Structures are given as C-alpha cells and as structure tokens.
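See below for input32.tsv, which holds TSV, C-alpha atoms.
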```
chain	number	residue	atom	x	y	z
A	30	MET	CA	20.72	153.31	44.82
A	31	LYS	CA	23.34	155.90	45.73
A	32	SER	CA	26.24	153.58	44.85
A	33	THR	CA	27.02	153.38	41.14
A	34	VAL	CA	28.40	150.82	38.71
A	35	LYS	CA	30.23	151.05	35.37
A	36	LYS	CA	30.96	148.23	32.97
A	37	ILE	CA	34.66	148.14	32.07
A	38	SER	CA	34.93	144.93	30.03
A	39	GLU	CA	32.88	142.14	28.48
A	40	ILE	CA	31.83	139.28	30.76
A	41	ASN	CA	33.98	136.19	30.19
A	42	ILE	CA	31.28	133.53	29.97
A	43	ASN	CA	33.82	131.03	28.58
A	44	MET	CA	35.79	130.73	31.82
A	45	GLU	CA	36.39	127.14	32.95
A	46	GLU	CA	36.51	125.95	36.55
A	47	THR	CA	35.82	122.68	38.35
A	48	ILE	CA	34.70	122.99	41.97
A	49	LYS	CA	36.17	120.17	44.07
A	50	ALA	CA	34.91	121.26	47.49
A	51	LEU	CA	31.94	123.36	48.61
A	52	MET	CA	32.43	126.41	50.79
A	53	ILE	CA	29.83	126.24	53.56
A	54	ASP	CA	28.90	129.33	55.57
A	55	ARG	CA	27.37	128.38	58.93
A	56	SER	CA	24.90	131.30	59.00
A	57	ALA	CA	23.70	130.59	55.46
A	58	LEU	CA	23.52	126.87	56.24
A	59	GLU	CA	21.31	127.43	59.28
A	60	MET	CA	19.07	129.79	57.27
A	61	HIS	CA	18.64	127.19	54.50
A	62	ILE	CA	17.83	124.46	57.03
A	63	ARG	CA	15.15	126.59	58.73
A	64	ARG	CA	13.59	127.50	55.39
A	65	LEU	CA	13.60	123.95	54.02
A	66	THR	CA	12.22	122.50	57.24
A	67	HIS	CA	9.39	125.03	57.16
A	68	LEU	CA	8.55	124.62	53.47
A	69	PHE	CA	8.85	120.83	53.29
A	70	LYS	CA	7.34	119.72	56.58
A	71	ASN	CA	6.39	116.29	55.24
A	72	ASP	CA	9.85	115.48	53.83
A	73	THR	CA	12.16	113.00	55.52
A	74	GLN	CA	15.48	114.10	56.99
A	75	GLN	CA	17.23	112.48	54.03
A	76	GLN	CA	15.11	114.43	51.56
A	77	ILE	CA	15.81	117.70	53.38
A	78	GLU	CA	19.54	116.94	53.35
A	79	GLN	CA	19.48	116.28	49.60
A	80	LYS	CA	17.68	119.56	48.94
A	81	LEU	CA	20.24	121.30	51.16
A	82	ARG	CA	23.12	119.81	49.20
A	83	ASN	CA	21.57	120.93	45.92
A	84	ILE	CA	21.23	124.48	47.27
A	85	LEU	CA	24.83	124.53	48.54
A	86	ALA	CA	26.09	123.25	45.18
A	87	ARG	CA	24.11	125.90	43.30
A	88	ASP	CA	25.30	128.64	45.68
A	89	ASN	CA	28.93	127.65	45.18
A	90	ILE	CA	28.64	127.59	41.39
A	91	PHE	CA	26.95	130.99	41.46
A	92	ASN	CA	29.65	132.47	43.74
A	93	VAL	CA	32.38	131.39	41.30
A	94	ILE	CA	30.42	132.86	38.40
A	95	MET	CA	29.66	136.10	40.27
A	96	ASN	CA	33.33	136.60	41.15
A	97	GLU	CA	34.13	136.42	37.45
A	98	VAL	CA	31.23	138.68	36.45
A	99	ALA	CA	32.28	141.31	39.00
A	100	ARG	CA	35.64	141.66	37.22
A	101	SER	CA	33.78	143.32	34.35
A	102	TYR	CA	32.34	146.10	36.51
A	103	GLU	CA	33.66	148.96	38.60
A	104	VAL	CA	31.55	149.91	41.62
A	105	THR	CA	31.70	153.23	43.45
A	106	PHE	CA	30.22	152.75	46.91
A	107	ASP	CA	28.23	155.29	48.91
A	108	GLY	CA	29.31	155.21	52.56
A	109	ASP	CA	25.84	155.73	54.01
A	110	GLU	CA	24.42	153.03	51.78
A	111	ILE	CA	27.01	150.53	53.05
A	112	LYS	CA	26.17	151.40	56.68
A	113	ASN	CA	22.42	151.10	56.11
A	114	THR	CA	22.76	147.80	54.28
A	115	ALA	CA	25.07	146.41	56.96
A	116	LYS	CA	22.54	147.39	59.63
A	117	GLN	CA	19.81	145.50	57.78
A	118	LEU	CA	22.06	142.43	57.56
A	119	GLU	CA	23.03	142.40	61.24
A	120	GLN	CA	19.99	140.35	62.26
A	121	HIS	CA	21.07	137.57	59.88
A	122	PHE	CA	24.72	137.66	60.93
A	123	GLN	CA	24.55	138.15	64.68
A	124	GLY	CA	27.89	137.81	66.42
A	125	ARG	CA	29.88	138.43	63.24
A	126	ASP	CA	32.70	140.96	63.15
A	127	PRO	CA	31.21	144.31	61.97
A	128	LYS	CA	33.92	144.51	59.30
A	129	VAL	CA	32.83	141.14	57.93
A	130	VAL	CA	29.20	142.28	57.85
A	131	GLU	CA	30.31	145.44	56.04
A	132	GLU	CA	32.04	143.33	53.38
A	133	ILE	CA	28.86	141.26	52.99
A	134	ALA	CA	26.93	144.53	52.59
A	135	LYS	CA	29.32	145.62	49.83
A	136	LYS	CA	28.79	142.31	48.04
A	137	ALA	CA	25.01	142.71	48.32
A	138	ILE	CA	25.20	146.23	46.85
A	139	THR	CA	27.55	145.06	44.09
A	140	LYS	CA	25.24	142.18	43.19
A	141	SER	CA	22.19	144.44	43.05
A	142	LEU	CA	23.92	147.00	40.83
A	143	ILE	CA	25.39	144.41	38.46
A	144	PHE	CA	22.10	142.53	38.22
A	145	GLY	CA	20.42	145.78	37.22
A	146	GLU	CA	22.93	146.22	34.41
A	147	ILE	CA	22.64	142.59	33.26
A	148	ALA	CA	18.83	142.78	33.26
A	149	LYS	CA	18.99	145.77	30.90
A	150	GLU	CA	21.75	144.40	28.67
A	151	TRP	CA	20.23	140.92	28.34
A	152	ASN	CA	16.65	142.20	28.28
A	153	ILE	CA	15.52	140.10	31.26
A	154	THR	CA	12.14	141.14	32.67
A	155	VAL	CA	9.27	139.81	34.79
A	156	SER	CA	5.74	140.68	33.68
A	157	ASP	CA	2.73	141.31	35.93
A	158	GLN	CA	1.26	138.05	34.64
A	159	GLU	CA	4.35	136.11	35.70
A	160	VAL	CA	4.08	137.55	39.21
A	161	ASP	CA	0.38	136.66	39.35
A	162	ASP	CA	1.08	133.13	38.15
A	163	SER	CA	3.81	132.72	40.75
A	164	LEU	CA	1.50	133.90	43.52
A	165	GLU	CA	-1.19	131.47	42.38
A	166	GLN	CA	1.30	128.62	42.44
A	167	TYR	CA	2.41	129.67	45.91
A	168	TYR	CA	-1.21	129.61	47.08
A	169	LYS	CA	-1.73	126.10	45.69
A	170	PHE	CA	1.44	124.91	47.41
A	171	SER	CA	1.03	126.63	50.79
A	172	ASN	CA	-2.69	127.47	50.98
A	173	GLU	CA	-1.64	130.80	52.49
A	174	PRO	CA	-3.42	134.05	51.48
A	175	ILE	CA	-1.92	135.95	48.55
A	176	ARG	CA	-4.40	138.86	48.38
A	177	PRO	CA	-2.11	141.12	50.48
A	178	PHE	CA	0.63	140.70	47.85
A	179	LYS	CA	-1.74	141.48	44.98
A	180	GLU	CA	-3.26	144.54	46.61
A	181	ASP	CA	-0.08	146.06	48.06
A	182	LYS	CA	2.09	147.50	45.26
A	183	ALA	CA	5.29	147.40	47.35
A	184	LYS	CA	4.80	143.73	48.21
A	185	PHE	CA	3.92	142.94	44.59
A	186	GLU	CA	7.11	144.64	43.39
A	187	ASN	CA	9.17	142.76	45.99
A	188	ILE	CA	7.92	139.52	44.47
A	189	ARG	CA	8.82	140.80	41.00
A	190	SER	CA	12.33	141.72	42.18
A	191	ALA	CA	12.86	138.27	43.69
A	192	MET	CA	11.68	136.60	40.48
A	193	LEU	CA	13.89	138.86	38.35
A	194	GLU	CA	16.89	137.97	40.47
A	195	GLU	CA	16.14	134.26	40.06
A	196	LYS	CA	15.86	134.72	36.28
A	197	ILE	CA	19.23	136.46	36.15
A	198	VAL	CA	20.88	133.77	38.27
A	199	ASN	CA	19.44	131.07	36.01
A	200	GLU	CA	20.69	132.86	32.90
A	201	LEU	CA	24.17	133.27	34.38
A	202	MET	CA	24.24	129.58	35.30
A	203	ARG	CA	23.16	128.70	31.75
A	204	ARG	CA	25.73	130.91	30.03
A	205	PHE	CA	28.62	129.90	32.30
A	206	SER	CA	28.26	126.27	31.25
A	207	LYS	CA	31.96	125.48	31.79
A	208	VAL	CA	31.79	126.01	35.56
A	209	ARG	CA	31.22	122.51	36.90
A	210	LEU	CA	31.20	120.41	40.05
A	211	ASP	CA	33.46	117.43	40.77
A	212	TYR	CA	30.66	115.30	42.20
A	213	GLU	CA	32.94	112.53	43.46
A	214	ALA	CA	35.16	114.96	45.37
A	215	ILE	CA	32.14	116.72	46.85
A	216	GLN	CA	30.57	113.40	47.86
A	217	ARG	CA	33.79	112.58	49.73
A	218	GLN	CA	33.61	115.99	51.40
A	219	PHE	CA	30.08	115.34	52.68
A	220	GLN	CA	31.09	111.84	53.81
A	221	GLU	CA	33.95	113.31	55.84
A	222	ILE	CA	31.61	115.89	57.36
A	223	ALA	CA	29.12	113.14	58.29
A	224	GLU	CA	31.89	111.06	59.87
A	225	ARG	CA	33.14	114.02	61.91
A	226	GLN	CA	29.61	114.80	63.08
A	227	ALA	CA	29.06	111.15	64.06
A	228	ALA	CA	32.37	111.09	65.99
A	229	THR	CA	31.49	114.33	67.80
A	230	LYS	CA	28.04	112.99	68.70
A	231	LYS	CA	29.57	109.77	70.03
A	232	GLN	CA	32.05	111.71	72.17
A	233	GLN	CA	29.24	113.84	73.59
A	234	GLU	CA	27.14	110.77	74.40
A	235	GLU	CA	30.10	109.06	76.08
A	236	ALA	CA	30.81	112.19	78.13
A	237	GLN	CA	27.15	112.38	79.20
A	238	GLN	CA	27.16	108.71	80.17
A	239	LYS	CA	30.31	109.17	82.27
A	240	GLU	CA	28.66	112.11	84.02
A	241	LYS	CA	25.60	110.00	84.80
A	242	ASN	CA	27.80	107.20	86.16
A	243	ARG	CA	29.50	109.66	88.51
A	244	GLU	CA	26.16	110.88	89.77
A	245	PHE	CA	25.00	107.30	90.38
A	246	PHE	CA	28.02	106.36	92.49
```
Please, can you express the file's structure as structure tokens?
Amino acid sequence: MKSTVKKISEININMEETIKALMIDRSALEMHIRRLTHLFKNDTQQQIEQKLRNILARDNIFNVIMNEVARSYEVTFDGDEIKNTAKQLEQHFQGRDPKVVEEIAKKAITKSLIFGEIAKEWNITVSDQEVDDSLEQYYKFSNEPIRPFKEDKAKFENIRSAMLEEKIVNELMRRFSKVRLDYEAIQRQFQEIAERQAATKKQQEEAQQKEKNREFF
C-alpha cells in the first residue's frame, strides 16, 4: 500500500464501554440480509433475523474497539490510493455522497494498515493448511467447487487474507473484554423498530385499500 501507518502509543485494551443502542447502516444491513438469505436458504425468517442481530451486535462492538485502536496509530494517506479505493466501494454505496464514500475508503485503508501492524506485533498468521481446511469445510457446506481457489494463487491468497482478518477481529474482541452490550436496551431498540415497521406496513395497506375502494366506486 502507498499509504503508511506509524504506531504512536500502546493500545488501551482495558477501555470500558457499554453499548446501549446499535448503529445500523442501511447499505450494510441490506448487504448482510442478501448474504444471509443466500447462505441459509433453509432457515426461517426468524432464524435469519437472529443471525442478522448477532452480526449487527458484533459489528457495533468491533467499531467501538476499532475507534479506540486507531488512536494508537498515525496514518499518512496517499491521495491516489483513496480515490482508487473509493471507486471500488462505489458499487456498494450507490447514491451516497462522494465525500462520505471517501471517508469510508479512508477507514478501509486505515483498517488494512493497522491490521497489518497488529498481525506482526501479535504474531497472527494463517497457514496454507488452514486455508485448505477452510475450503474443504466450505465445499461440505455449499457443495460448490473449490478447485479454482486451490489452483489460482491470487484467489488462494484472498482466502488467506479474509481468514487473517477474521483472526485479528476475534483477537481484538477477546482482548477488549470490557466492551459490552446492554442486551435489555438493545432488545427494546429492536422492539421499537419492529413496531415502527408494523405501523408503516399498516398505513401502506390502509392507503392501498382506500385506493382500491375509490377505483371500485
């Protein structure tokens, strides 16, 4: 990467924070729903929703942790790298303000650089055998061919990178054990969301019924 990072202080893994409400990004939410629906085709709607809530909770905990971790690093951005990354992200954030997409690109670059430093400092690696085992498990789960990933070095390394990132996230979540969720508050949040969605659906159905009545008379 052309952008660079420098560690300026030790990571404060003892920070304490209780998350009382989840931040929910619509684009990320839609992406998670599409992925879960595709991967768990036989699950009920309730099961999909529970998996979605678990992902959102994990994402929110990680975001709090990552904000703290980033305080320990100083990033020098390369302008061209920001533009190229933002261009790659545009397809996932269509309709977003270009400045917002640029900020997301900066966060992606920052995360990649910091993860590289953490992997070296904490000696986190992913062996060829681990990648092979993961591919075999994927085949058993999906019954989709994995030979292209084993024979194409670039694809194989992409799998390794994804697994390394997951390892680093897991280690951060483990070390930042004092970042917690207020489950009761979050349950109330989801209940309020469900009630608003039900009210909106009812209003739409009533409006449609009124329109049909007008057409009839």
_Applying 6 Å and only C-alpha atoms, which residues near Ser101 of chain A remain after dropping the ones on its own chain fewer than 5 positions away? List them as a ChimeraX atom specification._
/A:36-38,40
Any chance you could tabulate, as a tab-separated table, the residues of segment 66-135 of chain A at most 12 Å from segment 145-150 of chain A with each one's nearest atom pair and distance in Å to one decimal, using all atoms listed in the file, in chain and rising number order?
```
residue	atom	partner	partner_atom	distance
A:Met95	CA	A:Ile147	CA	11.9
A:Val98	CA	A:Ile147	CA	10.0
A:Ala99	CA	A:Ile147	CA	11.3
A:Ser101	CA	A:Ile147	CA	11.2
A:Tyr102	CA	A:Glu146	CA	9.6
A:Glu103	CA	A:Glu146	CA	11.8
A:Val104	CA	A:Glu146	CA	11.8
```
Restricting the output to C-alpha atoms, write the selected residues as a compact mmCIF listing (two decimals), in the coordinates of the input.
```txt
# COMPACT_ATOMS: atom_id res chain seq x y z
CA MET A 95 29.66 136.10 40.27
CA VAL A 98 31.23 138.68 36.45
CA ALA A 99 32.28 141.31 39.00
CA SER A 101 33.78 143.32 34.35
CA TYR A 102 32.34 146.10 36.51
CA GLU A 103 33.66 148.96 38.60
CA VAL A 104 31.55 149.91 41.62
```
Residues around (12.1, 139.0, 32.7), cut-off 10 Å, counting all atoms listed in the file - what are they as a JSON list (two decimals) with C-alpha atoms, keeping the file's coordinate frame?
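Result went into result14.json, see below:
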```
[["chain", "number", "residue", "atom", "x", "y", "z"],
["A", 148, "ALA", "CA", 18.83, 142.78, 33.26],
["A", 149, "LYS", "CA", 18.99, 145.77, 30.90],
["A", 151, "TRP", "CA", 20.23, 140.92, 28.34],
["A", 152, "ASN", "CA", 16.65, 142.20, 28.28],
["A", 153, "ILE", "CA", 15.52, 140.10, 31.26],
["A", 154, "THR", "CA", 12.14, 141.14, 32.67],
["A", 155, "VAL", "CA", 9.27, 139.81, 34.79],
["A", 156, "SER", "CA", 5.74, 140.68, 33.68],
["A", 159, "GLU", "CA", 4.35, 136.11, 35.70],
["A", 189, "ARG", "CA", 8.82, 140.80, 41.00],
["A", 190, "SER", "CA", 12.33, 141.72, 42.18],
["A", 192, "MET", "CA", 11.68, 136.60, 40.48],
["A", 193, "LEU", "CA", 13.89, 138.86, 38.35],
["A", 194, "GLU", "CA", 16.89, 137.97, 40.47],
["A", 195, "GLU", "CA", 16.14, 134.26, 40.06],
["A", 196, "LYS", "CA", 15.86, 134.72, 36.28],
["A", 197, "ILE", "CA", 19.23, 136.46, 36.15]]
```
*So how far away is atom CA of Gln166 of chain A from atom CA of Asn71 of chain A, in Å?*
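Separation of atom CA of Asn71 of chain A and atom CA of Gln166 of chain A: 18.5 Å.
For the pair atom CA of Ile133 of chain A and atom CA of Leu118 of chain A, the interatomic distance is 8.3 Å.
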*Please measure the separation of atom CA of Glu78 of chain A and atom CA of Tyr212 of chain A, giving the value in Å to one decimal.*
15.8 Å
*Restricting the calculation to only C-alpha atoms, which member of A:Ser163, A:Gln79, A:Asn199, A:Ser56 is positioned closest to Gln120 of chain A?*
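Of all the options, A:Ser56 lies closest to Gln120 of chain A.
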*Find the residues around Glu165 of chain A up to 8 Å (all atoms listed in the file counted), leave out those fewer than 4 positions away in its own chain, and share them as a PyMOL selection string.*
chain A and resi 161+169+175
*Name the residues in contact with Arg203 of chain A at a cut-off of 12 Å, using all atoms listed in the file, excluding same-chain residues fewer than 2 positions from it; report them as a PyMOL selection string.*
chain A and resi 42-43+87+90-91+94+196-201+205-209
_Ranking A:Thr105, A:Glu110, A:Gln75, A:His121 by minimum distance to Arg55 of chain A and counting all atoms listed in the file, which one comes first?_
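Checking each candidate against Arg55 of chain A, we get A:His121 as the closest.
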_Neighbour list for Thr114 of chain A as number ranges by chain, cut-off 10 Å, all atoms listed in the file, skip fewer than 4 positions in-chain_ = A: 109-110, 118-119, 130-131, 133-135, 137-138
*Between A:Arg100, A:Lys70, A:Lys136, A:Lys49, which one has atoms that come closest to Ala115 of chain A, using all atoms listed in the file?*
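That would be A:Lys136, the residue with the smallest distance to Ala115 of chain A.
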Mind checking which residues fall within 9 Å of Asp107 of chain A, counting only C-alpha atoms, ignoring those fewer than 3 positions away in the same chain, and posting them as a PDB file with C-alpha atoms, in the frame of the given file?
```
ATOM      1  CA  MET A  30      20.720 153.310  44.820  1.00  0.00           C
ATOM      2  CA  LYS A  31      23.340 155.900  45.730  1.00  0.00           C
ATOM      3  CA  SER A  32      26.240 153.580  44.850  1.00  0.00           C
ATOM      4  CA  THR A  33      27.020 153.380  41.140  1.00  0.00           C
ATOM      5  CA  GLU A 110      24.420 153.030  51.780  1.00  0.00           C
ATOM      6  CA  ILE A 111      27.010 150.530  53.050  1.00  0.00           C
ATOM      7  CA  LYS A 112      26.170 151.400  56.680  1.00  0.00           C
TER       8      LYS A 112
END
```
Work out where the centre of an axis-aligned box around every listed atom of segment 39-50 of chain A lies and how long its edges are once 6 Å is added on each side; give both in Å to one decimal as AutoDock Vina command-line options.
```
--center_x 33.9 --center_y 131.2 --center_z 38.0 --size_x 17.2 --size_y 34.0 --size_z 31.0
```
*Identify which of the residues A:Phe106, A:Phe122, A:Phe178, A:Tyr168 lies closest to Leu58 of chain A, counting only C-alpha atoms when measuring atom-to-atom distances.*
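Looking at the shortest contact to Leu58 of chain A, the residue is A:Phe122.
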